[in-house]
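Participant: Got target-v3.txt for you, compact mmCIF, C-alpha atoms and all ligand atoms:
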```txt
# COMPACT_ATOMS: atom_id res chain seq x y z
CA MET A 135 34.99 7.36 -69.87
CA LYS A 136 31.83 5.24 -70.13
CA ILE A 137 32.68 1.89 -71.68
CA GLY A 138 30.78 -1.02 -73.21
CA ILE A 139 32.15 -4.38 -74.34
CA VAL A 140 30.66 -6.52 -77.11
CA GLY A 141 31.56 -10.22 -76.87
CA TYR A 142 32.71 -12.01 -73.75
CA GLY A 143 35.55 -14.39 -74.69
CA ASN A 144 39.24 -14.24 -73.73
CA LEU A 145 39.66 -10.65 -74.88
CA GLY A 146 36.33 -9.55 -73.37
CA ARG A 147 37.29 -11.00 -69.97
CA SER A 148 40.69 -9.27 -70.04
CA LEU A 149 39.08 -5.95 -71.02
CA ARG A 150 36.64 -6.24 -68.14
CA GLY A 151 39.36 -6.94 -65.56
CA LEU A 152 41.53 -4.04 -66.75
CA ILE A 153 38.61 -1.59 -66.99
CA GLU A 154 37.36 -2.45 -63.52
CA ARG A 155 40.71 -1.64 -61.93
CA ASP A 156 41.05 1.72 -63.79
CA GLU A 157 39.48 4.63 -61.91
CA ASN A 158 39.10 6.67 -65.14
CA LEU A 159 36.93 4.01 -66.76
CA ASN A 160 33.37 3.06 -65.98
CA LEU A 161 32.10 -0.26 -67.34
CA VAL A 162 28.44 0.20 -68.27
CA LYS A 163 27.56 -3.21 -69.76
CA ILE A 164 28.97 -6.28 -71.52
CA PHE A 165 26.85 -7.29 -74.49
CA THR A 166 26.64 -10.94 -75.52
CA ARG A 167 24.85 -12.99 -78.16
CA ARG A 168 24.35 -15.75 -75.59
CA ASP A 169 21.58 -15.72 -72.98
CA SER A 170 22.73 -12.86 -70.72
CA ASN A 171 20.73 -14.23 -67.74
CA SER A 172 22.71 -17.48 -67.85
CA PHE A 173 25.80 -15.57 -66.58
CA ASN A 174 24.13 -14.54 -63.30
CA ASP A 175 26.01 -11.27 -63.52
CA ASP A 176 24.37 -7.84 -63.61
CA LYS A 177 26.98 -6.44 -66.02
CA MET A 178 25.86 -8.88 -68.72
CA GLU A 179 23.27 -7.64 -71.23
CA SER A 180 21.77 -9.12 -74.38
CA ILE A 181 23.20 -7.74 -77.63
CA LYS A 182 19.56 -7.27 -78.70
CA ASN A 183 19.31 -4.33 -76.25
CA LEU A 184 22.50 -2.61 -77.47
CA LEU A 185 20.71 0.38 -79.04
CA GLU A 186 19.12 1.30 -75.69
CA TYR A 187 22.65 2.29 -74.59
CA LYS A 188 23.32 4.54 -77.59
CA ASP A 189 23.74 7.71 -75.48
CA LYS A 190 25.10 6.02 -72.36
CA ILE A 191 28.41 4.76 -73.77
CA ASP A 192 31.40 6.81 -75.00
CA VAL A 193 33.44 3.92 -76.45
CA LEU A 194 32.42 0.36 -77.27
CA PHE A 195 35.11 -2.35 -77.40
CA LEU A 196 34.44 -5.03 -80.00
CA SER A 197 36.08 -8.14 -78.52
CA LEU A 198 34.51 -10.40 -81.13
CA GLY A 199 36.11 -13.08 -83.31
CA SER A 200 37.92 -11.83 -86.42
CA ALA A 201 36.95 -14.70 -88.74
CA THR A 202 33.28 -13.76 -89.19
CA ASP A 203 31.96 -11.77 -86.16
CA ILE A 204 33.76 -8.47 -86.80
CA PRO A 205 33.13 -8.21 -90.59
CA GLU A 206 29.43 -9.00 -90.04
CA MET A 207 28.73 -6.96 -86.90
CA ALA A 208 31.10 -3.97 -86.76
CA PRO A 209 29.68 -2.13 -89.84
CA GLU A 210 26.24 -2.17 -88.18
CA ILE A 211 27.47 -1.21 -84.69
CA ILE A 212 29.56 1.77 -85.91
CA LYS A 213 26.38 3.55 -87.05
CA ASN A 214 25.53 4.26 -83.39
CA PHE A 215 28.74 3.91 -81.33
CA ASN A 216 32.41 4.87 -81.33
CA THR A 217 34.34 1.59 -81.45
CA VAL A 218 37.75 -0.01 -80.88
CA ASP A 219 38.52 -3.44 -82.35
CA ALA A 220 41.47 -5.84 -82.75
CA TYR A 221 40.42 -7.24 -86.16
CA ASP A 222 43.44 -9.30 -87.23
CA ASN A 223 42.60 -10.78 -90.63
CA HIS A 224 45.56 -9.00 -92.27
CA ALA A 225 44.59 -9.70 -95.90
CA HIS A 226 41.12 -8.18 -95.43
CA ILE A 227 42.06 -5.14 -93.33
CA PRO A 228 42.14 -2.67 -96.29
CA GLN A 229 38.52 -3.42 -97.31
CA TYR A 230 37.41 -3.48 -93.68
CA PHE A 231 39.04 -0.09 -93.05
CA GLU A 232 37.33 1.45 -96.12
CA LYS A 233 33.92 0.17 -95.08
CA MET A 234 34.20 1.31 -91.46
CA ASP A 235 35.62 4.68 -92.55
CA ASP A 236 32.73 5.33 -94.89
CA ILE A 237 29.97 4.40 -92.41
CA ALA A 238 31.66 6.16 -89.47
CA ARG A 239 32.02 9.42 -91.44
CA LYS A 240 28.37 9.33 -92.51
CA ASN A 241 27.27 8.90 -88.88
CA ASN A 242 29.80 11.21 -87.16
CA LYS A 243 31.43 8.30 -85.35
CA VAL A 244 35.01 7.15 -84.77
CA ALA A 245 36.21 3.58 -85.42
CA PHE A 246 39.69 2.65 -84.18
CA VAL A 247 40.29 -0.49 -86.25
CA SER A 248 42.77 -3.38 -86.07
CA THR A 249 44.73 -2.42 -83.02
CA GLY A 250 46.47 -4.83 -80.63
CA TRP A 251 50.02 -6.08 -81.17
CA ASP A 252 49.88 -7.68 -84.63
CA PRO A 253 48.18 -5.88 -86.25
CA GLY A 254 48.91 -2.97 -83.96
CA LEU A 255 52.22 -2.25 -82.25
CA PHE A 256 54.14 -4.55 -84.63
CA SER A 257 52.64 -2.71 -87.63
CA LEU A 258 53.65 0.65 -86.17
CA ASN A 259 57.18 -0.58 -85.54
CA ARG A 260 57.53 -2.00 -89.07
CA LEU A 261 56.51 1.43 -90.39
CA ILE A 262 58.89 3.40 -88.16
CA ALA A 263 61.80 1.02 -88.81
CA GLU A 264 61.35 1.18 -92.58
CA SER A 265 60.87 4.96 -92.56
CA ILE A 266 64.20 5.39 -90.76
CA LEU A 267 66.24 2.61 -92.37
CA THR A 268 65.08 2.95 -95.94
CA LYS A 269 67.52 0.36 -97.30
CA GLY A 270 67.38 -3.03 -95.60
CA HIS A 271 65.26 -6.05 -94.64
CA THR A 272 62.43 -6.39 -92.12
CA ASN A 273 61.44 -9.69 -90.51
CA THR A 274 58.75 -10.45 -87.95
CA PHE A 275 59.19 -13.37 -85.54
CA TRP A 276 56.19 -14.61 -83.56
CA GLY A 277 56.43 -16.62 -80.36
CA ARG A 278 57.19 -18.66 -78.60
CA GLY A 279 53.46 -18.48 -78.04
CA VAL A 280 50.01 -19.92 -78.48
CA SER A 281 48.38 -19.26 -81.84
CA GLN A 282 44.62 -19.30 -81.29
CA GLY A 283 43.91 -19.74 -85.00
CA HIS A 284 46.19 -22.79 -85.33
CA SER A 285 44.95 -24.28 -82.05
CA ASP A 286 41.37 -23.95 -83.31
CA ALA A 287 42.30 -25.58 -86.61
CA VAL A 288 43.69 -28.62 -84.75
CA ARG A 289 40.65 -28.79 -82.47
CA ARG A 290 38.42 -29.06 -85.55
CA ILE A 291 40.03 -32.42 -86.50
CA LYS A 292 37.80 -35.42 -85.71
CA GLY A 293 38.82 -37.20 -82.51
CA VAL A 294 40.77 -34.26 -81.01
CA LYS A 295 39.55 -33.57 -77.45
CA ARG A 296 41.88 -30.71 -76.59
CA ALA A 297 44.75 -29.07 -78.47
CA VAL A 298 47.13 -26.16 -78.35
CA GLN A 299 49.62 -24.97 -80.95
CA TYR A 300 52.83 -23.10 -80.12
CA THR A 301 54.55 -21.03 -82.79
CA ILE A 302 58.31 -21.23 -82.18
CA PRO A 303 60.75 -18.89 -83.89
CA LYS A 304 64.18 -20.27 -84.86
CA GLU A 305 66.45 -18.62 -82.29
CA GLU A 306 69.64 -19.23 -84.33
CA ILE A 307 68.23 -17.09 -87.17
CA ILE A 308 67.28 -14.30 -84.74
CA GLU A 309 70.73 -14.40 -83.09
CA ASN A 310 72.54 -14.07 -86.43
CA ILE A 311 70.12 -11.78 -88.23
CA LYS A 312 72.39 -8.73 -88.22
CA GLU A 313 75.02 -10.62 -90.23
CA ASN A 314 72.62 -12.74 -92.33
CA SER A 315 70.00 -10.15 -93.09
CA LYS A 316 67.54 -11.00 -95.89
CA ASP A 317 63.77 -11.29 -96.40
CA TYR A 318 62.89 -14.69 -94.95
CA LYS A 319 59.64 -16.56 -95.54
CA SER A 320 57.85 -17.21 -92.23
CA PHE A 321 57.99 -21.01 -92.66
CA GLU A 322 61.80 -20.70 -92.88
CA THR A 323 61.98 -18.89 -89.56
CA HIS A 324 59.37 -20.73 -87.44
CA ASN A 325 58.48 -24.26 -86.30
CA ARG A 326 55.13 -25.39 -85.01
CA LEU A 327 54.54 -27.62 -81.96
CA CYS A 328 51.14 -29.11 -81.12
CA TYR A 329 50.02 -30.77 -77.88
CA VAL A 330 46.96 -32.92 -78.44
CA VAL A 331 44.64 -34.93 -76.19
CA CYS A 332 42.91 -37.82 -78.02
CA GLU A 333 42.34 -41.59 -77.98
CA LYS A 334 45.48 -43.70 -78.62
CA LYS A 335 43.95 -45.33 -81.70
CA ASP A 336 43.51 -41.92 -83.44
CA GLU A 337 47.09 -40.67 -82.93
CA ASP A 338 48.66 -41.56 -86.32
CA ARG A 339 45.73 -40.25 -88.35
CA ILE A 340 45.54 -37.00 -86.35
CA ARG A 341 49.30 -36.38 -86.65
CA ASN A 342 49.03 -36.93 -90.40
CA GLU A 343 46.08 -34.58 -90.77
CA ILE A 344 47.85 -31.84 -88.79
CA VAL A 345 51.20 -31.85 -90.57
CA ASN A 346 49.55 -31.95 -94.00
CA MET A 347 46.95 -29.24 -93.35
CA GLU A 348 47.20 -26.64 -96.13
CA ASP A 349 47.45 -22.92 -95.17
CA TYR A 350 48.04 -23.71 -91.49
CA PHE A 351 50.85 -26.31 -91.23
CA LYS A 352 52.27 -27.07 -94.65
CA PRO A 353 55.20 -26.38 -95.40
CA TYR A 354 56.17 -25.63 -91.77
CA GLU A 355 58.21 -28.14 -89.78
CA THR A 356 55.56 -29.36 -87.33
CA LYS A 357 55.87 -31.64 -84.29
CA VAL A 358 52.81 -33.24 -82.68
CA LYS A 359 52.93 -34.53 -79.10
CA PHE A 360 50.11 -36.53 -77.54
CA ILE A 361 49.55 -35.92 -73.84
CA SER A 362 47.03 -36.75 -71.12
CA GLU A 363 44.13 -34.49 -70.20
CA GLU A 364 45.78 -33.90 -66.76
CA GLU A 365 49.06 -32.74 -68.33
CA PHE A 366 47.14 -30.47 -70.71
CA GLU A 367 45.24 -28.89 -67.83
CA ARG A 368 48.44 -28.47 -65.79
CA GLU A 369 50.82 -27.18 -68.48
CA HIS A 370 48.92 -25.78 -71.47
CA THR A 371 45.98 -23.58 -70.49
CA ASN A 372 47.80 -20.21 -70.35
CA MET A 373 48.03 -17.92 -73.38
CA PRO A 374 51.60 -16.59 -73.56
CA HIS A 375 52.83 -14.93 -76.76
CA GLY A 376 55.12 -12.24 -78.09
CA GLY A 377 57.83 -11.87 -80.67
CA HIS A 378 60.13 -9.44 -82.46
CA VAL A 379 60.01 -7.01 -85.35
CA ILE A 380 63.58 -6.68 -86.60
CA ARG A 381 64.86 -4.42 -89.36
CA VAL A 382 68.50 -4.51 -90.36
CA GLY A 383 69.33 -1.48 -92.45
CA GLU A 384 72.41 -0.37 -94.29
CA THR A 385 73.68 3.16 -93.83
CA LEU A 386 77.11 4.37 -94.97
CA GLU A 387 80.35 2.44 -95.55
CA ASN A 388 78.83 -1.02 -94.90
CA ASN A 389 77.50 0.04 -91.50
CA ARG A 390 74.53 -2.06 -90.42
CA GLU A 391 71.95 -0.68 -88.00
CA MET A 392 69.51 -2.97 -86.24
CA TYR A 393 66.08 -1.81 -85.09
CA LYS A 394 64.45 -4.40 -82.82
CA PHE A 395 61.09 -4.23 -81.09
CA THR A 396 60.26 -7.10 -78.70
CA LEU A 397 57.21 -8.20 -76.76
CA GLU A 398 57.19 -10.96 -74.12
CA LEU A 399 53.64 -11.58 -73.03
CA ASP A 400 52.42 -13.85 -70.22
CA SER A 401 48.88 -13.22 -71.46
CA ASN A 402 48.11 -12.35 -75.07
CA PRO A 403 44.50 -11.26 -74.31
CA ASP A 404 45.54 -9.11 -71.31
CA PHE A 405 48.12 -7.27 -73.39
CA THR A 406 45.85 -6.89 -76.43
CA ALA A 407 43.12 -5.52 -74.14
CA SER A 408 45.65 -3.03 -72.69
CA VAL A 409 46.47 -1.78 -76.20
CA MET A 410 42.75 -1.45 -76.97
CA ILE A 411 42.20 0.62 -73.81
CA SER A 412 44.98 3.02 -74.84
CA ALA A 413 43.22 3.37 -78.22
CA SER A 414 39.97 4.35 -76.49
CA ARG A 415 41.72 7.51 -75.16
CA ALA A 416 42.63 8.33 -78.76
CA VAL A 417 39.01 7.79 -79.79
CA LEU A 418 37.89 10.47 -77.33
CA LYS A 419 40.49 12.91 -78.77
CA TYR A 420 39.29 12.19 -82.32
CA VAL A 421 35.68 12.77 -81.23
CA GLU A 422 36.66 16.02 -79.46
CA ASN A 423 38.30 17.22 -82.70
CA LYS A 424 35.33 16.04 -84.81
CA ASN A 425 37.80 13.90 -86.77
CA TYR A 426 35.25 11.22 -87.62
CA GLY A 427 35.90 8.06 -89.64
CA ALA A 428 38.22 5.08 -89.20
CA HIS A 429 41.71 5.43 -87.71
CA THR A 430 44.59 3.01 -87.12
CA VAL A 431 47.82 2.88 -85.14
CA LEU A 432 49.64 4.10 -88.25
CA ASP A 433 47.90 7.48 -88.37
CA THR A 434 47.21 8.23 -84.69
CA PRO A 435 49.49 10.76 -82.92
CA PRO A 436 51.25 8.92 -80.04
CA ALA A 437 50.21 11.69 -77.62
CA TYR A 438 46.56 10.69 -78.16
CA TYR A 439 47.09 7.44 -76.23
CA ASN A 440 48.04 9.17 -73.01
CA VAL A 441 46.01 11.15 -70.49
CA LEU A 442 48.85 13.65 -69.82
CA SER A 443 48.84 17.14 -71.32
CA HIS A 444 51.14 17.99 -74.22
CA GLU A 445 53.30 20.06 -71.86
CA GLU A 446 53.67 17.14 -69.42
CA LEU A 447 54.44 14.69 -72.23
CA ILE A 448 57.28 16.86 -73.50
CA LYS A 449 58.65 17.31 -70.00
CA ASN A 450 58.42 13.60 -69.10
CA TYR A 451 59.29 11.79 -72.31
CA LEU A 452 61.25 13.93 -74.74
P1 LIG B 1 37.16 -15.94 -78.28
O1 LIG B 1 36.96 -17.09 -79.21
O2 LIG B 1 37.51 -16.22 -76.85
O3 LIG B 1 35.82 -15.04 -78.27
C1 LIG B 1 35.21 -14.57 -79.45
C2 LIG B 1 33.70 -14.50 -79.22
O4 LIG B 1 33.15 -15.81 -79.08
C3 LIG B 1 33.33 -13.79 -77.93
O5 LIG B 1 33.24 -12.41 -78.15
C4 LIG B 1 32.01 -14.43 -77.51
O6 LIG B 1 30.91 -13.70 -78.05
C5 LIG B 1 32.09 -15.82 -78.14
N1 LIG B 1 32.41 -16.82 -77.10
C6 LIG B 1 33.48 -16.82 -76.26
N2 LIG B 1 33.44 -17.87 -75.43
C7 LIG B 1 32.33 -18.57 -75.77
C8 LIG B 1 31.72 -19.76 -75.29
N3 LIG B 1 32.25 -20.44 -74.26
N4 LIG B 1 30.60 -20.18 -75.90
C9 LIG B 1 30.06 -19.51 -76.92
N5 LIG B 1 30.57 -18.35 -77.41
C10 LIG B 1 31.68 -17.90 -76.84
O7 LIG B 1 38.23 -14.99 -78.96
P2 LIG B 1 39.32 -14.05 -78.24
O8 LIG B 1 38.63 -13.20 -77.25
O9 LIG B 1 40.47 -14.90 -77.80
O10 LIG B 1 39.86 -13.17 -79.46
C11 LIG B 1 39.00 -12.28 -80.16
C12 LIG B 1 39.72 -11.80 -81.41
O11 LIG B 1 40.78 -10.93 -81.04
C13 LIG B 1 40.36 -12.93 -82.22
O12 LIG B 1 39.55 -13.28 -83.30
C14 LIG B 1 41.66 -12.35 -82.69
O13 LIG B 1 41.56 -12.20 -84.07
C15 LIG B 1 41.73 -10.97 -82.06
N6 LIG B 1 43.08 -10.73 -81.52
C16 LIG B 1 43.84 -9.74 -82.07
C17 LIG B 1 45.10 -9.48 -81.61
C18 LIG B 1 45.91 -8.37 -82.20
O14 LIG B 1 47.08 -8.24 -81.85
N7 LIG B 1 45.37 -7.54 -83.07
C19 LIG B 1 45.72 -10.29 -80.55
C20 LIG B 1 44.81 -11.27 -79.98
C21 LIG B 1 43.55 -11.49 -80.47
P3 LIG B 1 29.48 -13.67 -77.27
O15 LIG B 1 29.75 -13.22 -75.87
O16 LIG B 1 28.66 -12.72 -78.05
O17 LIG B 1 28.96 -15.08 -77.31
```
Take the structure in this file and express it as structure tokens.
Facilitator:
Amino acid sequence: MKIGIVGYGNLGRSLRGLIERDENLNLVKIFTRRDSNSFNDDKMESIKNLLEYKDKIDVLFLSLGSATDIPEMAPEIIKNFNTVDAYDNHAHIPQYFEKMDDIARKNNKVAFVSTGWDPGLFSLNRLIAESILTKGHTNTFWGRGVSQGHSDAVRRIKGVKRAVQYTIPKEEIIENIKENSKDYKSFETHNRLCYVVCEKKDEDRIRNEIVNMEDYFKPYETKVKFISEEEFEREHTNMPHGGHVIRVGETLENNREMYKFTLELDSNPDFTASVMISASRAVLKYVENKNYGAHTVLDTPPAYYNVLSHEELIKNYL
């Protein structure tokens, strides 16, 4: 499969590493909005030349930011390429899906949208759990892990040199969830912990701004710890994450059945990139079947993610 990558951040770097070690995948180019020559790397190409590769790439991974990059750029790119993205702005996914579906159909292209782990594998597991256990409660627990969005929000505060935010689920709730099943609000089930590098004189103001930040930190219980640049570099530059989707359902005679799906990730971008690569195999199957338009994890047959034949899948996995 001939692959292109658009955007070279955390996710882009993980995609590259995983593609380069996979003998079935051939990385054609990585497209960037920055000066491609500044990378001193012959895989880097300016995004301005993307259209020259229209017939040289089977699937293009969009490893762009979800806040503004994807909504602005993906609807243009899908006119000429089959794409996979990890767009994670949950509230806007329905409109994004509609738009990509419409443009992809008109241009005989396939867009695999909003894959990854949440949205992505967690979404699929919420669906399966609720389809099986129709009466019950579903809760999602994130972490312990680094939230890029919350870390960025802290870094935007004046005087903050470096910052990272860990989302920490309340383990006692997870441990007792089978007995105390209900629909929790996420601020009831998670704490937030920030490590910040700044000048001593700014500490009180910065702590105050963090814990009172609407949408991101209020009404969560938030702790802020100030550390040295050396400690930050030593302890807080990895990107672990993970979490659980848990549904507790009631069946007959007060029986409770628990469906639990867990991820423990040393590297959020490496894992998300791995999920995106599995989706690219599905894209090829959709193209083969002329099933153009936008697709998600919720409507893709699981067999599409794997290179094995149907016969082998049944023999190996059923
Ligand atoms: P980054 O912020 O690392 O990169 C986003 C874009 O910013 C890049 O594509 C790159 O574009 C540009 N960029 C990166 N580094 C620099 C730099 N040093 N200077 C200037 N520009 C830079 O984001 P991530 O790769 O960590 O994540 C991408 C998206 O993936 C996130 O927005 C998140 O929403 C989503 N995601 C989804 C998950 C899921 O489960 N669905 C899980 C994890 C992430 P360019 O090369 O063109 O400059």
Participant: Hey, which bits of range 203-235 of chain A sit within 9 Å of range 400-412 of chain A, and for each residue what's the closest pair of atoms and how far apart in Å (one decimal), counting only C-alpha atoms, rows by chain and increasing number, as JSON lines?
Facilitator:
```
{"residue": "A:Val218", "atom": "CA", "partner": "A:Met410", "partner_atom": "CA", "distance": 6.5}
{"residue": "A:Asp219", "atom": "CA", "partner": "A:Met410", "partner_atom": "CA", "distance": 7.1}
{"residue": "A:Ala220", "atom": "CA", "partner": "A:Met410", "partner_atom": "CA", "distance": 7.4}
```
Participant: Give the residues close to ligand LIG 1 (chain B), within 8 Å, counting all atoms listed in the file; write them as a ChimeraX atom specification.
Facilitator: /A:140-147,165-168,181,196-201,203,219-223,248-255,282-283,402-403,406
Participant: Do you have the CA of Gly151 in chain A-CA of Pro205 in chain A distance handy?
Facilitator: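 Result for CA of Gly151 in chain A versus CA of Pro205 in chain A: 25.8 Å, one decimal.
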Participant: Please indicate the distance in Å from CA of Ala416 in chain A to CA of Tyr439 in chain A, rounded to one decimal place.
Facilitator: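 Between CA of Ala416 in chain A and CA of Tyr439 in chain A the gap works out to 5.2 Å.
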Participant: Which distance in Å separates CA of Ile204 in chain A and CA of Thr434 in chain A, to one decimal?
Facilitator: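 For CA of Ile204 in chain A relative to CA of Thr434 in chain A, the distance reads 21.5 Å.
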Participant: Closest to Val417 in chain A among A:Tyr438, A:Tyr318, A:Tyr350, A:Trp276, using all atoms listed in the file?
Facilitator: A:Tyr438
Participant: Enclose all atoms of range 191-205 of chain A listed in the file in an axis-aligned box, grow every side by 4 Å, and hand back centre and edge lengths in Å to one decimal, as AutoDock Vina command-line options.
Facilitator:
```
--center_x 33.2 --center_y -3.9 --center_z -82.2 --size_x 17.5 --size_y 29.5 --size_z 24.8
```
Participant: Pick out the closest residue to Asp433 in chain A from this set: A:Ile380, A:Ile262, A:Arg289, A:Pro353. Count all atoms listed in the file.
Facilitator: A:Ile262
Participant: Please list, as a list in words, the residues that have an atom at most 8 Å away from (42.2, -27.6, -76.0) in the coordinates of this file, counting all atoms listed in the file.
Facilitator: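 Residues found, by chain and rising number: Ser285, Arg289, Lys295, Arg296, Ala297, Val298, Val330, Val331, Phe366 and Thr371 of chain A.
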Participant: Please rebuild range 429-443 of chain A with N, CA, C and O atoms and give the result as a PDB file, in the coordinates of the input.
Facilitator:
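The resulting selection-v4.pdb:
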```
ATOM      1  N   HIS A 429      40.310   5.097 -87.978  1.00  0.00           N
ATOM      2  CA  HIS A 429      41.710   5.430 -87.710  1.00  0.00           C
ATOM      3  C   HIS A 429      42.447   4.164 -87.312  1.00  0.00           C
ATOM      4  O   HIS A 429      41.839   3.212 -86.820  1.00  0.00           O
ATOM      5  N   THR A 430      43.766   4.172 -87.492  1.00  0.00           N
ATOM      6  CA  THR A 430      44.590   3.010 -87.120  1.00  0.00           C
ATOM      7  C   THR A 430      45.798   3.480 -86.320  1.00  0.00           C
ATOM      8  O   THR A 430      46.044   4.688 -86.207  1.00  0.00           O
ATOM      9  N   VAL A 431      46.587   2.516 -85.847  1.00  0.00           N
ATOM     10  CA  VAL A 431      47.820   2.880 -85.140  1.00  0.00           C
ATOM     11  C   VAL A 431      48.775   3.653 -86.037  1.00  0.00           C
ATOM     12  O   VAL A 431      49.623   4.392 -85.543  1.00  0.00           O
ATOM     13  N   LEU A 432      48.669   3.459 -87.347  1.00  0.00           N
ATOM     14  CA  LEU A 432      49.640   4.100 -88.250  1.00  0.00           C
ATOM     15  C   LEU A 432      49.394   5.597 -88.387  1.00  0.00           C
ATOM     16  O   LEU A 432      50.306   6.339 -88.734  1.00  0.00           O
ATOM     17  N   ASP A 433      48.163   6.058 -88.151  1.00  0.00           N
ATOM     18  CA  ASP A 433      47.900   7.480 -88.370  1.00  0.00           C
ATOM     19  C   ASP A 433      47.443   8.212 -87.103  1.00  0.00           C
ATOM     20  O   ASP A 433      46.966   9.331 -87.174  1.00  0.00           O
ATOM     21  N   THR A 434      47.626   7.585 -85.943  1.00  0.00           N
ATOM     22  CA  THR A 434      47.210   8.230 -84.690  1.00  0.00           C
ATOM     23  C   THR A 434      48.425   8.860 -83.989  1.00  0.00           C
ATOM     24  O   THR A 434      49.434   8.172 -83.779  1.00  0.00           O
ATOM     25  N   PRO A 435      48.361  10.155 -83.636  1.00  0.00           N
ATOM     26  CA  PRO A 435      49.490  10.760 -82.920  1.00  0.00           C
ATOM     27  C   PRO A 435      49.734  10.029 -81.607  1.00  0.00           C
ATOM     28  O   PRO A 435      48.770   9.784 -80.862  1.00  0.00           O
ATOM     29  N   PRO A 436      50.980   9.665 -81.284  1.00  0.00           N
ATOM     30  CA  PRO A 436      51.250   8.920 -80.040  1.00  0.00           C
ATOM     31  C   PRO A 436      50.696   9.615 -78.799  1.00  0.00           C
ATOM     32  O   PRO A 436      50.264   8.956 -77.857  1.00  0.00           O
ATOM     33  N   ALA A 437      50.694  10.953 -78.798  1.00  0.00           N
ATOM     34  CA  ALA A 437      50.210  11.690 -77.620  1.00  0.00           C
ATOM     35  C   ALA A 437      48.736  11.392 -77.336  1.00  0.00           C
ATOM     36  O   ALA A 437      48.279  11.539 -76.202  1.00  0.00           O
ATOM     37  N   TYR A 438      47.989  10.972 -78.354  1.00  0.00           N
ATOM     38  CA  TYR A 438      46.560  10.690 -78.160  1.00  0.00           C
ATOM     39  C   TYR A 438      46.309   9.515 -77.214  1.00  0.00           C
ATOM     40  O   TYR A 438      45.220   9.356 -76.689  1.00  0.00           O
ATOM     41  N   TYR A 439      47.316   8.634 -77.049  1.00  0.00           N
ATOM     42  CA  TYR A 439      47.090   7.440 -76.230  1.00  0.00           C
ATOM     43  C   TYR A 439      47.184   7.718 -74.734  1.00  0.00           C
ATOM     44  O   TYR A 439      46.845   6.882 -73.922  1.00  0.00           O
ATOM     45  N   ASN A 440      47.711   8.897 -74.405  1.00  0.00           N
ATOM     46  CA  ASN A 440      48.040   9.170 -73.010  1.00  0.00           C
ATOM     47  C   ASN A 440      47.127  10.242 -72.431  1.00  0.00           C
ATOM     48  O   ASN A 440      46.667  11.118 -73.153  1.00  0.00           O
ATOM     49  N   VAL A 441      46.889  10.151 -71.117  1.00  0.00           N
ATOM     50  CA  VAL A 441      46.010  11.150 -70.490  1.00  0.00           C
ATOM     51  C   VAL A 441      46.749  12.450 -70.159  1.00  0.00           C
ATOM     52  O   VAL A 441      46.121  13.464 -69.894  1.00  0.00           O
ATOM     53  N   LEU A 442      48.093  12.439 -70.196  1.00  0.00           N
ATOM     54  CA  LEU A 442      48.850  13.650 -69.820  1.00  0.00           C
ATOM     55  C   LEU A 442      48.708  14.752 -70.861  1.00  0.00           C
ATOM     56  O   LEU A 442      48.464  14.484 -72.040  1.00  0.00           O
ATOM     57  N   SER A 443      48.903  15.998 -70.402  1.00  0.00           N
ATOM     58  CA  SER A 443      48.840  17.140 -71.320  1.00  0.00           C
ATOM     59  C   SER A 443      50.087  17.147 -72.208  1.00  0.00           C
ATOM     60  O   SER A 443      51.100  16.515 -71.878  1.00  0.00           O
TER      61      SER A 443
END
```
